[in-house]
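Q: This is data_38.txt, which holds compact mmCIF, C-alpha atoms:
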# COMPACT_ATOMS: atom_id res chain seq x y z
CA MET F 1 -10.14 -128.49 -25.43
CA MET F 2 -12.67 -125.94 -24.19
CA ILE F 3 -11.85 -123.03 -21.89
CA GLN F 4 -14.60 -121.30 -19.96
CA VAL F 5 -14.68 -118.37 -17.60
CA ILE F 6 -17.44 -118.54 -14.98
CA LEU F 7 -18.19 -115.47 -12.91
CA PHE F 8 -19.07 -116.05 -9.29
CA GLY F 9 -20.85 -112.76 -8.79
CA TYR F 10 -18.25 -110.49 -7.24
CA PHE F 11 -17.49 -107.27 -9.05
CA LEU F 12 -16.29 -103.71 -8.62
CA THR F 13 -17.31 -100.51 -10.35
CA CYS F 14 -14.57 -98.10 -11.28
CA VAL F 15 -14.68 -94.56 -12.58
CA SER F 16 -13.31 -94.11 -16.07
CA GLY F 17 -14.35 -90.65 -17.14
CA ASP F 18 -17.30 -88.35 -17.73
CA GLY F 19 -20.44 -90.40 -18.27
CA VAL F 20 -18.74 -93.81 -18.37
CA ALA F 21 -17.30 -96.26 -15.87
CA ASP F 22 -15.43 -99.55 -15.79
CA VAL F 23 -16.96 -102.72 -14.35
CA VAL F 24 -14.46 -105.21 -12.99
CA LEU F 25 -15.73 -108.77 -12.72
CA SER F 26 -13.96 -111.32 -10.57
CA CYS F 27 -14.06 -114.58 -12.56
CA THR F 28 -12.78 -118.10 -12.63
CA LEU F 29 -11.20 -119.62 -15.69
CA VAL F 30 -12.39 -123.20 -16.14
CA GLU F 31 -10.43 -125.40 -18.51
CA GLU F 32 -11.97 -128.68 -19.61
CA GLY F 33 -9.32 -131.28 -20.32
CA VAL F 34 -9.10 -135.04 -20.84
CA GLY F 35 -10.27 -137.53 -18.26
CA VAL F 36 -8.22 -139.37 -15.72
CA ASP F 37 -7.77 -142.30 -18.08
CA GLY F 38 -6.57 -140.02 -20.89
CA MET F 39 -9.46 -141.17 -23.08
CA GLY F 40 -11.67 -138.10 -22.67
CA GLY F 41 -14.14 -139.69 -20.28
CA GLY F 42 -14.90 -138.18 -16.88
CA SER F 43 -13.54 -134.73 -17.72
CA GLN F 44 -11.45 -132.99 -15.13
CA PHE F 45 -11.89 -129.23 -14.59
CA ARG F 46 -9.06 -126.94 -13.59
CA ARG F 47 -9.98 -123.57 -12.18
CA THR F 48 -7.83 -120.46 -12.31
CA PRO F 49 -8.70 -116.95 -11.05
CA ALA F 50 -9.45 -114.49 -13.86
CA THR F 51 -10.75 -110.96 -14.21
CA LEU F 52 -12.97 -109.36 -16.85
CA ILE F 53 -12.82 -105.58 -17.15
CA LEU F 54 -15.63 -103.94 -19.12
CA ARG F 55 -14.39 -100.53 -20.22
CA ASP F 56 -16.56 -97.45 -20.86
CA VAL F 57 -19.90 -98.72 -19.55
CA PRO F 58 -22.34 -95.75 -19.89
CA VAL F 59 -23.45 -94.12 -16.64
CA ALA F 60 -26.81 -92.36 -16.33
CA PRO F 61 -26.64 -88.56 -15.83
CA ASP F 62 -28.13 -88.88 -12.34
CA GLN F 63 -25.58 -91.52 -11.29
CA SER F 64 -22.83 -90.15 -9.03
CA LEU F 65 -19.24 -91.04 -9.91
CA GLU F 66 -17.78 -89.75 -6.67
CA THR F 67 -17.89 -93.09 -4.88
CA LEU F 68 -16.32 -95.06 -7.74
CA THR F 69 -12.68 -96.07 -7.58
CA PRO F 70 -10.53 -96.08 -10.74
CA PHE F 71 -9.32 -99.46 -11.93
CA VAL F 72 -5.59 -99.69 -11.48
CA PRO F 73 -3.76 -102.46 -13.36
CA PRO F 74 -0.97 -104.29 -11.54
CA SER F 75 2.23 -102.29 -11.28
CA ILE F 76 4.19 -105.33 -12.42
CA PRO F 77 2.49 -107.33 -15.19
CA ASP F 78 2.04 -110.98 -14.27
CA PRO F 79 2.00 -113.52 -17.14
CA ASP F 80 0.13 -115.97 -14.89
CA ALA F 81 -2.72 -113.53 -14.20
CA ILE F 82 -5.65 -113.61 -16.63
CA LEU F 83 -7.07 -110.11 -17.13
CA PHE F 84 -9.53 -109.65 -20.00
CA GLU F 85 -9.92 -105.97 -20.88
CA ALA F 86 -12.92 -105.39 -23.14
CA LYS F 87 -14.01 -102.15 -24.76
CA VAL F 88 -17.82 -101.97 -24.81
CA SER F 89 -18.38 -98.46 -26.18
CA SER F 90 -19.11 -99.55 -29.76
CA PRO F 91 -21.27 -101.47 -29.99
CA GLN F 92 -22.72 -100.62 -26.59
CA ILE F 93 -24.19 -103.38 -24.45
CA PRO F 94 -27.89 -102.51 -23.92
CA ASP F 95 -28.83 -101.97 -20.27
CA ALA F 96 -25.23 -102.49 -19.13
CA HIS F 97 -25.93 -99.89 -16.41
CA VAL F 98 -27.66 -102.74 -14.55
CA LEU F 99 -24.18 -104.03 -13.73
CA LEU F 100 -23.41 -100.78 -11.92
CA HIS F 101 -26.23 -101.39 -9.42
CA ALA F 102 -26.22 -105.17 -9.12
CA ASP F 103 -23.96 -105.20 -6.06
CA CYS F 104 -26.12 -102.68 -4.18
CA ASN F 105 -29.23 -104.63 -5.15
CA GLU F 106 -27.64 -107.89 -3.95
CA GLN F 107 -28.03 -109.44 -7.39
CA GLU F 108 -25.63 -112.16 -8.50
CA VAL F 109 -23.95 -111.61 -11.84
CA THR F 110 -23.25 -114.72 -13.91
CA CYS F 111 -20.74 -114.80 -16.74
CA GLU F 112 -19.36 -117.57 -18.94
CA LEU F 113 -16.54 -117.11 -21.41
CA SER F 114 -15.22 -119.68 -23.88
CA ARG F 115 -12.98 -119.71 -26.90
CA TYR F 116 -14.90 -119.15 -30.11
CA SER F 117 -14.04 -120.24 -33.66
CA PRO F 118 -15.83 -118.35 -36.46
CA HIS F 119 -17.52 -120.77 -38.85
CA GLY F 120 -16.76 -121.09 -42.52
CA PRO F 121 -13.45 -120.54 -44.31
CA GLN F 122 -11.31 -117.90 -42.64
CA GLU F 123 -8.30 -115.97 -43.78
CA ALA F 124 -5.22 -116.31 -41.64
CA GLN F 125 -5.41 -113.73 -38.87
CA GLU F 126 -3.81 -113.01 -35.56
CA ALA F 127 -7.08 -112.29 -33.72
CA THR F 128 -8.52 -114.76 -31.22
CA HIS F 129 -12.19 -114.78 -30.32
CA PHE F 130 -14.09 -115.46 -27.11
CA LEU F 131 -17.83 -115.86 -26.58
CA VAL F 132 -19.13 -114.27 -23.36
CA SER F 133 -22.55 -114.91 -21.82
CA LEU F 134 -23.51 -112.39 -19.16
CA SER F 135 -26.67 -112.13 -17.05
CA VAL F 136 -27.91 -110.69 -13.75
CA GLU F 137 -29.93 -112.80 -11.35
CA GLY F 138 -33.45 -111.53 -10.79
CA GLY F 139 -33.02 -108.80 -13.41
CA GLU F 140 -34.03 -108.49 -17.02
CA PHE F 141 -30.45 -108.31 -18.27
CA SER F 142 -28.97 -110.96 -20.53
CA THR F 143 -26.47 -110.73 -23.35
CA ALA F 144 -23.99 -112.85 -25.29
CA PHE F 145 -21.17 -111.12 -27.09
CA ILE F 146 -18.06 -111.98 -29.04
CA LEU F 147 -14.72 -110.55 -27.99
CA GLN F 148 -11.93 -110.17 -30.50
CA THR F 149 -8.38 -109.74 -29.29
CA SER F 150 -6.62 -106.59 -30.40
CA VAL F 151 -3.31 -106.63 -32.19
CA VAL F 152 -0.40 -106.15 -29.81
CA GLU F 153 2.93 -105.00 -31.14
CA ARG F 154 5.39 -107.70 -30.16
CA ASP F 155 8.99 -107.22 -29.28
CA HIS F 156 11.52 -108.88 -27.02
CA SER F 157 9.80 -107.41 -23.95
CA THR F 158 6.24 -108.59 -24.78
CA LEU F 159 4.82 -110.90 -22.16
CA ILE F 160 2.77 -113.96 -23.17
CA GLN F 161 -0.09 -115.13 -21.00
CA ASN F 162 1.02 -118.53 -19.84
CA LYS F 163 -2.29 -120.40 -19.98
CA LEU F 164 -3.89 -118.84 -23.06
CA GLY F 165 -0.68 -118.27 -25.02
CA LEU F 166 -1.74 -114.74 -26.02
CA PRO F 167 0.37 -111.55 -25.92
CA LEU F 168 -0.31 -109.14 -23.08
CA SER F 169 -0.50 -105.37 -23.20
CA PRO F 170 2.15 -103.34 -21.33
CA SER F 171 -0.26 -103.21 -18.37
CA GLY F 172 -0.57 -107.00 -18.33
CA THR F 173 -4.11 -107.32 -19.76
CA LEU F 174 -5.51 -109.19 -22.74
CA LEU F 175 -6.83 -106.36 -24.92
CA THR F 176 -10.14 -107.18 -26.61
CA GLU F 177 -13.16 -105.43 -28.06
CA VAL F 178 -16.81 -106.37 -28.48
CA ILE F 179 -17.52 -106.89 -32.18
CA PHE F 180 -20.96 -108.54 -32.10
CA LEU F 181 -23.62 -109.09 -29.47
CA VAL F 182 -27.08 -110.59 -29.08
CA PHE F 183 -29.28 -109.51 -26.15
CA SER F 184 -32.70 -109.81 -24.60
CA HIS F 185 -34.46 -107.45 -22.19
CA ILE F 186 -36.80 -110.20 -20.95
CA LYS F 187 -35.58 -113.66 -19.94
CA SER F 188 -38.97 -115.06 -18.91
CA VAL F 189 -42.44 -114.27 -20.25
CA SER F 190 -45.93 -115.36 -19.15
CA ALA F 191 -48.77 -115.14 -21.65
CA ARG F 192 -52.43 -116.14 -21.79
CA LEU F 193 -53.76 -119.06 -23.75
CA ARG F 194 -55.21 -118.00 -27.12
CA GLY F 195 -53.42 -114.64 -26.80
CA ASP F 196 -50.35 -113.17 -28.53
CA VAL F 197 -46.82 -112.70 -27.23
CA LEU F 198 -43.60 -110.93 -28.26
CA LEU F 199 -40.31 -112.66 -27.41
CA ASP F 200 -37.56 -110.03 -27.21
CA CYS F 201 -34.24 -110.54 -29.02
CA GLY F 202 -31.89 -108.02 -30.61
CA PHE F 203 -28.35 -107.72 -31.94
CA ARG F 204 -25.62 -105.13 -32.48
CA GLN F 205 -22.33 -105.13 -34.34
CA GLN F 206 -19.27 -102.90 -34.54
CA GLU F 207 -19.31 -99.77 -36.70
CA THR F 208 -17.36 -101.56 -39.42
CA PRO F 209 -19.88 -104.20 -40.53
CA LEU F 210 -18.80 -107.79 -40.07
CA ALA F 211 -21.11 -108.86 -42.92
CA GLN F 212 -24.26 -107.81 -44.76
CA GLU F 213 -25.94 -111.21 -44.57
CA VAL F 214 -27.88 -111.88 -41.38
CA ALA F 215 -29.87 -114.95 -40.38
CA VAL F 216 -32.37 -115.21 -37.53
CA GLU F 217 -33.49 -118.57 -36.22
CA TRP F 218 -35.92 -119.32 -33.40
CA ARG F 219 -36.11 -122.81 -31.93
CA LEU F 220 -38.32 -124.25 -29.19
CA GLN F 221 -37.24 -126.87 -26.69
CA HIS F 222 -39.74 -128.50 -24.35
CA ARG F 223 -39.83 -131.77 -22.43
CA GLY F 224 -36.73 -133.18 -24.09
CA LYS F 225 -37.76 -132.32 -27.65
CA GLY F 226 -36.74 -129.46 -29.91
CA TRP F 227 -37.90 -128.06 -33.23
CA LYS F 228 -37.53 -125.01 -35.44
CA VAL F 229 -40.24 -122.36 -35.10
CA PHE F 230 -39.09 -119.64 -37.47
CA GLU F 231 -36.17 -118.80 -39.76
CA MET F 232 -35.32 -115.66 -41.73
CA LYS F 233 -32.41 -114.70 -43.94
CA THR F 234 -31.94 -111.16 -45.19
CA ARG F 235 -29.36 -108.47 -45.91
CA LEU F 236 -28.62 -105.42 -43.81
CA ASP F 237 -28.12 -103.31 -46.95
CA ASP F 238 -31.85 -103.92 -47.58
CA ALA F 239 -31.30 -105.35 -51.05
CA GLU F 240 -34.64 -105.87 -52.79
CA GLY F 241 -35.88 -109.43 -52.77
CA SER F 242 -33.17 -110.59 -50.39
CA THR F 243 -35.45 -111.71 -47.55
CA VAL F 244 -36.28 -115.41 -47.26
CA VAL F 245 -38.73 -116.54 -44.56
CA LEU F 246 -39.61 -120.03 -43.34
CA ALA F 247 -42.33 -120.03 -40.68
CA GLU F 248 -42.67 -123.58 -39.32
CA ARG F 249 -45.24 -122.50 -36.75
CA LYS F 250 -48.38 -120.90 -38.15
CA GLY F 251 -48.81 -117.41 -36.72
CA SER F 252 -45.10 -116.80 -36.07
CA SER F 253 -43.34 -113.76 -37.52
CA VAL F 254 -40.26 -111.53 -37.34
CA ASN F 255 -40.39 -108.02 -38.80
CA ALA F 256 -37.71 -107.90 -41.53
CA SER F 257 -37.64 -104.09 -41.60
CA LEU F 258 -36.88 -104.01 -37.85
CA VAL F 259 -34.15 -106.60 -38.30
CA VAL F 260 -32.48 -104.40 -40.90
CA GLY F 261 -33.19 -100.99 -39.35
CA ARG F 262 -32.85 -101.61 -35.61
CA GLY F 263 -31.29 -105.04 -35.17
CA ASP F 264 -34.59 -106.22 -33.68
CA ALA F 265 -35.06 -109.97 -34.18
CA SER F 266 -38.01 -110.35 -31.78
CA LEU F 267 -40.50 -113.13 -32.49
CA THR F 268 -44.28 -112.66 -32.45
CA LEU F 269 -46.51 -115.66 -31.75
CA SER F 270 -50.27 -115.36 -32.20
CA ARG F 271 -53.11 -117.58 -30.96
CA LEU F 272 -51.02 -119.30 -28.30
CA ASN F 273 -51.77 -122.85 -27.26
CA ALA F 274 -50.24 -125.15 -24.68
CA LEU F 275 -47.75 -126.59 -27.18
CA ASP F 276 -46.12 -123.16 -27.50
CA GLU F 277 -44.80 -123.31 -23.94
CA GLY F 278 -41.10 -123.97 -23.39
CA THR F 279 -37.57 -122.63 -23.89
CA TYR F 280 -37.05 -120.45 -26.95
CA ILE F 281 -33.56 -120.01 -28.40
CA CYS F 282 -32.93 -116.95 -30.56
CA THR F 283 -29.83 -117.40 -32.71
CA VAL F 284 -28.54 -114.50 -34.80
CA THR F 285 -25.86 -115.24 -37.37
CA LEU F 286 -23.90 -112.39 -38.90
CA GLY F 287 -21.35 -113.57 -41.42
CA PRO F 288 -19.03 -116.04 -39.64
CA PHE F 289 -20.32 -115.17 -36.16
CA ASN F 290 -23.39 -116.19 -34.22
CA ALA F 291 -24.68 -115.79 -30.68
CA GLN F 292 -27.83 -116.80 -28.83
CA GLN F 293 -30.32 -115.75 -26.22
CA VAL F 294 -32.67 -118.01 -24.27
CA ILE F 295 -36.19 -116.90 -23.29
CA GLN F 296 -38.65 -118.93 -21.25
CA LEU F 297 -42.31 -118.78 -22.30
CA HIS F 298 -44.88 -119.82 -19.71
CA ILE F 299 -48.48 -120.30 -20.84
CA THR F 300 -51.16 -119.59 -18.23
CA GLN F 301 -54.92 -119.32 -18.28
CA PRO F 302 -57.08 -118.63 -15.20
CA PRO F 303 -60.07 -120.93 -14.73
CA GLU F 304 -63.70 -119.99 -15.23
CA VAL F 305 -65.57 -121.04 -12.08
CA SER F 306 -69.31 -121.69 -11.86
CA LEU F 307 -71.84 -123.49 -9.66
CA SER F 308 -74.54 -125.83 -10.94
CA GLU F 309 -77.23 -124.01 -8.92
CA GLU F 310 -77.91 -120.32 -8.45
CA LYS F 311 -80.43 -121.16 -5.72
CA PHE F 312 -80.19 -124.26 -3.58
CA VAL F 313 -83.57 -125.27 -2.13
CA LEU F 314 -83.73 -128.21 0.23
CA LYS F 315 -85.75 -131.23 -0.81
CA ALA F 316 -86.63 -134.49 0.85
CA ASP F 317 -84.37 -137.53 0.65
CA PRO F 318 -82.23 -138.57 -1.17
CA PRO F 319 -79.32 -136.08 -0.73
CA GLN F 320 -78.94 -133.41 -3.39
CA THR F 321 -75.76 -132.73 -5.39
CA LEU F 322 -74.14 -129.34 -5.75
CA SER F 323 -71.48 -129.15 -8.47
CA CYS F 324 -68.63 -126.68 -8.94
CA HIS F 325 -67.12 -126.43 -12.42
CA CYS F 326 -63.54 -125.21 -13.00
CA SER F 327 -63.15 -124.71 -16.75
CA LYS F 328 -60.56 -123.85 -19.45
CA TYR F 329 -57.48 -123.38 -17.24
CA TYR F 330 -53.77 -123.99 -17.80
CA PRO F 331 -51.46 -125.45 -16.57
CA LEU F 332 -52.98 -128.60 -15.13
CA ASP F 333 -52.81 -128.19 -11.36
CA ALA F 334 -55.95 -126.68 -9.80
CA GLN F 335 -57.19 -127.07 -6.23
CA MET F 336 -60.89 -127.22 -5.40
CA GLU F 337 -62.26 -127.02 -1.83
CA TRP F 338 -65.69 -126.96 -0.25
CA TRP F 339 -66.43 -124.81 2.81
CA SER F 340 -69.54 -124.65 4.98
CA LEU F 341 -70.81 -121.91 7.30
CA SER F 342 -74.02 -122.75 9.18
CA PRO F 343 -76.10 -120.15 11.06
CA GLU F 344 -74.77 -121.62 14.31
CA ASP F 345 -71.08 -121.27 13.33
CA SER F 346 -68.92 -118.16 13.53
CA GLU F 347 -66.19 -119.47 11.20
CA PRO F 348 -66.50 -121.51 8.02
CA LYS F 349 -65.45 -125.16 8.14
CA LEU F 350 -63.45 -126.99 5.49
CA LEU F 351 -65.37 -130.03 4.27
CA LEU F 352 -62.46 -132.44 3.96
CA ASP F 353 -62.82 -135.30 1.49
CA GLN F 354 -66.51 -134.56 0.93
CA GLY F 355 -66.15 -133.32 -2.64
CA SER F 356 -66.03 -135.93 -5.40
CA LEU F 357 -63.67 -134.89 -8.22
CA SER F 358 -64.30 -135.74 -11.84
CA SER F 359 -61.47 -136.77 -14.16
CA HIS F 360 -59.56 -134.01 -15.93
CA ARG F 361 -60.89 -133.07 -19.34
CA GLN F 362 -58.43 -131.62 -21.90
CA HIS F 363 -59.59 -129.36 -24.71
CA GLY F 364 -58.20 -128.78 -28.18
CA ASP F 365 -56.18 -125.73 -27.11
CA GLY F 366 -54.49 -127.69 -24.32
CA SER F 367 -56.56 -126.23 -21.48
CA TYR F 368 -58.20 -128.38 -18.82
CA SER F 369 -61.54 -128.59 -17.00
CA LEU F 370 -62.39 -130.22 -13.68
CA SER F 371 -65.56 -130.55 -11.61
CA SER F 372 -66.18 -131.22 -7.93
CA HIS F 373 -69.50 -132.63 -6.72
CA LEU F 374 -70.74 -132.13 -3.14
CA SER F 375 -73.46 -134.35 -1.68
CA VAL F 376 -75.77 -132.20 0.48
CA PRO F 377 -78.01 -134.14 2.92
CA SER F 378 -81.53 -132.95 3.66
CA SER F 379 -80.52 -132.49 7.29
CA VAL F 380 -78.37 -129.45 6.53
CA SER F 381 -79.63 -126.31 8.24
CA PRO F 382 -81.40 -123.73 6.09
CA GLY F 383 -79.27 -120.58 5.87
CA THR F 384 -76.04 -122.58 5.60
CA ARG F 385 -73.56 -121.04 3.17
CA LEU F 386 -71.82 -123.57 0.90
CA THR F 387 -68.69 -122.20 -0.80
CA CYS F 388 -66.55 -123.64 -3.59
CA ARG F 389 -63.02 -122.22 -3.50
CA VAL F 390 -60.66 -122.66 -6.47
CA SER F 391 -56.91 -121.98 -6.41
CA HIS F 392 -54.68 -121.87 -9.50
CA GLN F 393 -51.30 -120.33 -10.32
CA ALA F 394 -52.85 -118.08 -12.98
CA LEU F 395 -55.10 -116.47 -10.33
CA ASP F 396 -53.91 -113.58 -8.19
CA ALA F 397 -56.14 -114.89 -5.40
CA PRO F 398 -58.47 -117.90 -4.98
CA VAL F 399 -61.94 -117.61 -6.52
CA SER F 400 -64.87 -118.36 -4.21
CA LEU F 401 -68.50 -118.90 -5.20
CA THR F 402 -71.20 -119.28 -2.53
CA VAL F 403 -74.78 -120.47 -2.49
CA VAL F 404 -77.14 -120.24 0.51
CA VAL F 405 -79.20 -123.30 1.41
CA GLU F 406 -82.92 -122.40 1.46
CA SER F 407 -85.86 -124.27 2.91
CA PRO F 408 -88.94 -124.72 0.72
CA THR F 409 -91.13 -121.58 0.87
CA GLN F 410 -94.61 -121.79 2.37
CA GLY F 411 -96.17 -120.94 -0.96
CA SER F 412 -94.37 -123.69 -2.77
CA TYR F 413 -95.42 -126.15 -0.01
CA TRP F 414 -99.18 -125.46 -0.51
CA TRP F 415 -98.71 -125.51 -4.30
CA VAL F 416 -97.19 -128.96 -4.12
CA LEU F 417 -99.91 -130.13 -1.69
CA GLY F 418 -102.67 -128.77 -3.97
CA PHE F 419 -101.08 -130.47 -6.98
CA LEU F 420 -101.03 -133.78 -5.13
CA LEU F 421 -104.71 -133.44 -4.04
CA ALA F 422 -105.79 -132.55 -7.57
CA SER F 423 -103.96 -135.60 -8.92
CA VAL F 424 -105.64 -137.88 -6.36
CA LEU F 425 -109.12 -136.51 -7.22
CA PHE F 426 -108.46 -136.88 -10.94
CA PHE F 427 -107.44 -140.53 -10.65
CA HIS F 428 -110.39 -141.19 -8.28
CA GLN F 429 -112.85 -139.90 -10.88
CA VAL F 430 -111.22 -141.92 -13.63
CA MET F 431 -111.37 -145.11 -11.61
CA THR F 432 -115.07 -144.61 -10.68
Can you give me the file's structure in the form of structure tokens?
A:
Amino acid sequence: MMIQVILFGYFLTCVSGDGVADVVLSCTLVEEGVGVDGMGGGSQFRRTPATLILRDVPVAPDQSLETLTPFVPPSIPDPDAILFEAKVSSPQIPDAHVLLHADCNEQEVTCELSRYSPHGPQEAQEATHFLVSLSVEGGEFSTAFILQTSVVERDHSTLIQNKLGLPLSPSGTLLTEVIFLVFSHIKSVSARLRGDVLLDCGFRQQETPLAQEVAVEWRLQHRGKGWKVFEMKTRLDDAEGSTVVLAERKGSSVNASLVVGRGDASLTLSRLNALDEGTYICTVTLGPFNAQQVIQLHITQPPEVSLSEEKFVLKADPPQTLSCHCSKYYPLDAQMEWWSLSPEDSEPKLLLDQGSLSSHRQHGDGSYSLSSHLSVPSSVSPGTRLTCRVSHQALDAPVSLTVVVESPTQGSYWWVLGFLLASVLFFHQVMT
């Protein structure tokens, strides 16, 4: 059976003391049970109101506490109410101050909480663990942390939470503390083809170390497939020769000294290609605990646009071809248009369906090229401006290249006529 808490985005901020505040999140407890037929198929979900109280969230010095209301627990503890009270002072949740402003910024806060079982053999203990995933919509705030229930002295008056079966504090809350967290400051990254990128991921643990062994794994999922990109195992006590690295993707790296010294498990990828795009999962394992962060990597490359002619001089029939080349772009979708502005027109006209597109050409790095060919009749007016306009998501604005149609110059006309006369005279002399 799995129990989840899903936050619907409503929260309050409460004053707690100098420099810190409490954030109260209105949540829903979702319990996944067996199906209607009792066989586990077609799971039914039962939802129960719940509350998550984050204690001692740091407040910036310039943040006023005057408008914040203290959190007041219920005067009469209710064993049916689910109130998670979590201390977040050590380790601190990076950028948790974002939660203080999310309501004013009309940002939805999303939180999921589920029971968590540490892996590996465990000694018998009274503590229960929960894994919380917390993020803010439209903001660069995302974290997953493990809550551990605190020991509550039980006596005949101790209340037990009816759904979770855990002892409540005298104020009716489930006392917990954050013991381990994994976070990312950036949930989505865009990078250029053939460039480098840094995918942010870090971790913190409580002052009393949970373990000295730490493992960092990065996986990539894209289009229904997944594979390992990088794996590292090391020790936080920086024991010599303890670091083991397996880089499945050439040009991928994690700085072991930053892992040990700062809890920085960020991944560097060099010489990006189209296959590097997708969903990256950073998993940090510390002893029996692990948590993840998900970062989206989008690969983009703006097109190089060129025309086949720098000068376009009219010639006699048949019609001439002007080509526009859109090269080395990513992702695939690019739009190419032809526009015409004659000396008689005040506004350019879109030449619908007059450009002939080539097939897409894909290069070794995953980028694409496309060409559009415009047939220009000899009847077009000299001075007409022909423009190729290219739009692509990697461009801030469409790229336009223009060429002006020119009539043959007088000098070139007499040169051609003289060449023809000379040729006629030459062949006449040969024949006679």
Q: Restricting the calculation to only C-alpha atoms, which member of F:Phe141, F:Phe71, F:Phe45, F:Phe203 is positioned closest to Val259 (chain F)?
A: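 Selected residue with least distance to Val259 (chain F): F:Phe203.
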Q: Got a sec: who's within 9 Å of Thr158 (chain F), counting all atoms listed in the file, leaving out chain neighbours fewer than 2 positions off, as a list in words?
A: Val152, Glu153, Arg154, Asp155, His156, Ile160, Pro167, Leu168, Ser169 and Pro170 of chain F
Q: Keeping C-alpha atoms, export the residues of the selection given above as a compact mmCIF listing (two decimals), keeping the file's coordinate frame.
A:
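Saved file out39.txt follows:
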# COMPACT_ATOMS: atom_id res chain seq x y z
CA VAL F 152 -0.40 -106.15 -29.81
CA GLU F 153 2.93 -105.00 -31.14
CA ARG F 154 5.39 -107.70 -30.16
CA ASP F 155 8.99 -107.22 -29.28
CA HIS F 156 11.52 -108.88 -27.02
CA ILE F 160 2.77 -113.96 -23.17
CA PRO F 167 0.37 -111.55 -25.92
CA LEU F 168 -0.31 -109.14 -23.08
CA SER F 169 -0.50 -105.37 -23.20
CA PRO F 170 2.15 -103.34 -21.33
Q: Closest to Leu199 (chain F) among F:Leu297, F:Thr234, F:Ser157, F:Gln221, using only C-alpha atoms?
A: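 Ranked by minimum distance to Leu199 (chain F), first place goes to F:Leu297.
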Q: One number please: CA of Ser323 (chain F) to CA of Gly364 (chain F), in Å, one decimal.
A: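 One can read the CA of Ser323 (chain F) to CA of Gly364 (chain F) distance as 23.8 Å.
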Q: So that I can check the surroundings of His363 (chain F), please list as a PyMOL selection string every protein, DNA and RNA residue that reaches within 10 Å of it, counting all atoms listed in the file and ignoring chain neighbours fewer than 3 positions away.
A: chain F and resi 327-329+360+366-369
Q: Mind checking which residues fall within 10 Å of region 345-354 of chain F, counting all atoms listed in the file, ignoring those fewer than 5 positions away in the same chain, and posting them as a ChimeraX atom specification?
A: /F:337-340,372-376,384-387
Q: Report as a list in words all protein, DNA and RNA residues lying within 12 Å of Lys250 (chain F), evaluated on all atoms listed in the file, omitting residues in the same chain fewer than 2 positions from it.
A: Lys228, Val229, Phe230, Leu246, Ala247, Glu248, Ser252, Ser253, Thr268, Leu269, Ser270, Arg271, Leu272, Asn273 and Asp276 of chain F
Q: Would you mind telling me which residue in F:Leu314, F:Leu159, F:Val151, F:Val98 lies nearest to Gly139 (chain F) when using all atoms listed in the file?
A: F:Val98
Q: Which one of F:Val403, F:Ile93, F:Cys388, F:Val30 sits closest to Phe183 (chain F) if you count only C-alpha atoms?
A: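 The shortest atom-to-atom distance to Phe183 (chain F) comes from F:Ile93.
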Q: Under the rule that all atoms listed in the file are counted, which of F:Val380, F:Met336, F:Val20, F:Ala215 is the nearest residue to Glu406 (chain F)?
A: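 Using all atoms listed in the file, the shortest distance to Glu406 (chain F) belongs to F:Val380.
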Q: Enclose all atoms of region 236-241 of chain F listed in the file in an axis-aligned box, grow every side by 4 Å, and hand back centre and edge lengths in Å to one decimal, as JSON.
A:
{"center_x": -32.0, "center_y": -106.4, "center_z": -48.3, "size_x": 15.8, "size_y": 14.1, "size_z": 17.0}
Q: Around the point (-8.3, -100.9, -21.6) (coordinates from the file), which residues reach within 8 Å if we count only C-alpha atoms? Answer as a PyMOL selection string.
A: chain F and resi 53+55+85-87+173+175
Q: So the first atom is CA of Ser133 (chain F) and the second is CA of Gln293 (chain F); what is the distance between them in Å, to one decimal place?
A: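 Rounded to one decimal, the two atoms are 9.0 Å apart.
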Q: Quick one: residues within 9 Å of Val136 (chain F), all atoms listed in the file, excluding same-chain residues fewer than 5 positions away - as a PyMOL selection string?
A: chain F and resi 9+98-99+102+107-111+141-142
Q: What is the CA of Thr402 (chain F) to CA of Gln320 (chain F) distance in Å?
A: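 Between CA of Thr402 (chain F) and CA of Gln320 (chain F) the gap works out to 16.1 Å.
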Q: Between F:Pro319, F:Leu181, F:Pro288, F:Glu304, which is the closest to Gly263 (chain F) once you count all atoms listed in the file?
A: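 With all atoms listed in the file as the atom set, the closest residue is F:Leu181.
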Q: How would you write as a PyMOL selection string the residues that get within 10 Å of (-39.6, -130.0, -26.4) in the file's frame, counting all atoms listed in the file?
A: chain F and resi 219-227+275-280
Q: Please rebuild region 230-234 of chain F with N, CA and C atoms and give the result as an mmCIF file, in the frame of the given file.
A:
data_model
loop_
_atom_site.group_PDB
_atom_site.id
_atom_site.type_symbol
_atom_site.label_atom_id
_atom_site.label_comp_id
_atom_site.auth_asym_id
_atom_site.auth_seq_id
_atom_site.Cartn_x
_atom_site.Cartn_y
_atom_site.Cartn_z
ATOM 1 N N PHE F 230 -39.121 -120.703 -36.453
ATOM 2 C CA PHE F 230 -39.090 -119.640 -37.470
ATOM 3 C C PHE F 230 -37.653 -119.438 -37.936
ATOM 4 N N GLU F 231 -37.500 -119.097 -39.211
ATOM 5 C CA GLU F 231 -36.170 -118.800 -39.760
ATOM 6 C C GLU F 231 -36.297 -117.695 -40.799
ATOM 7 N N MET F 232 -35.348 -116.755 -40.761
ATOM 8 C CA MET F 232 -35.320 -115.660 -41.730
ATOM 9 C C MET F 232 -33.886 -115.386 -42.145
ATOM 10 N N LYS F 233 -33.694 -115.136 -43.421
ATOM 11 C CA LYS F 233 -32.410 -114.700 -43.940
ATOM 12 C C LYS F 233 -32.633 -113.423 -44.740
ATOM 13 N N THR F 234 -31.800 -112.422 -44.486
ATOM 14 C CA THR F 234 -31.940 -111.160 -45.190
ATOM 15 C C THR F 234 -30.596 -110.458 -45.252
#
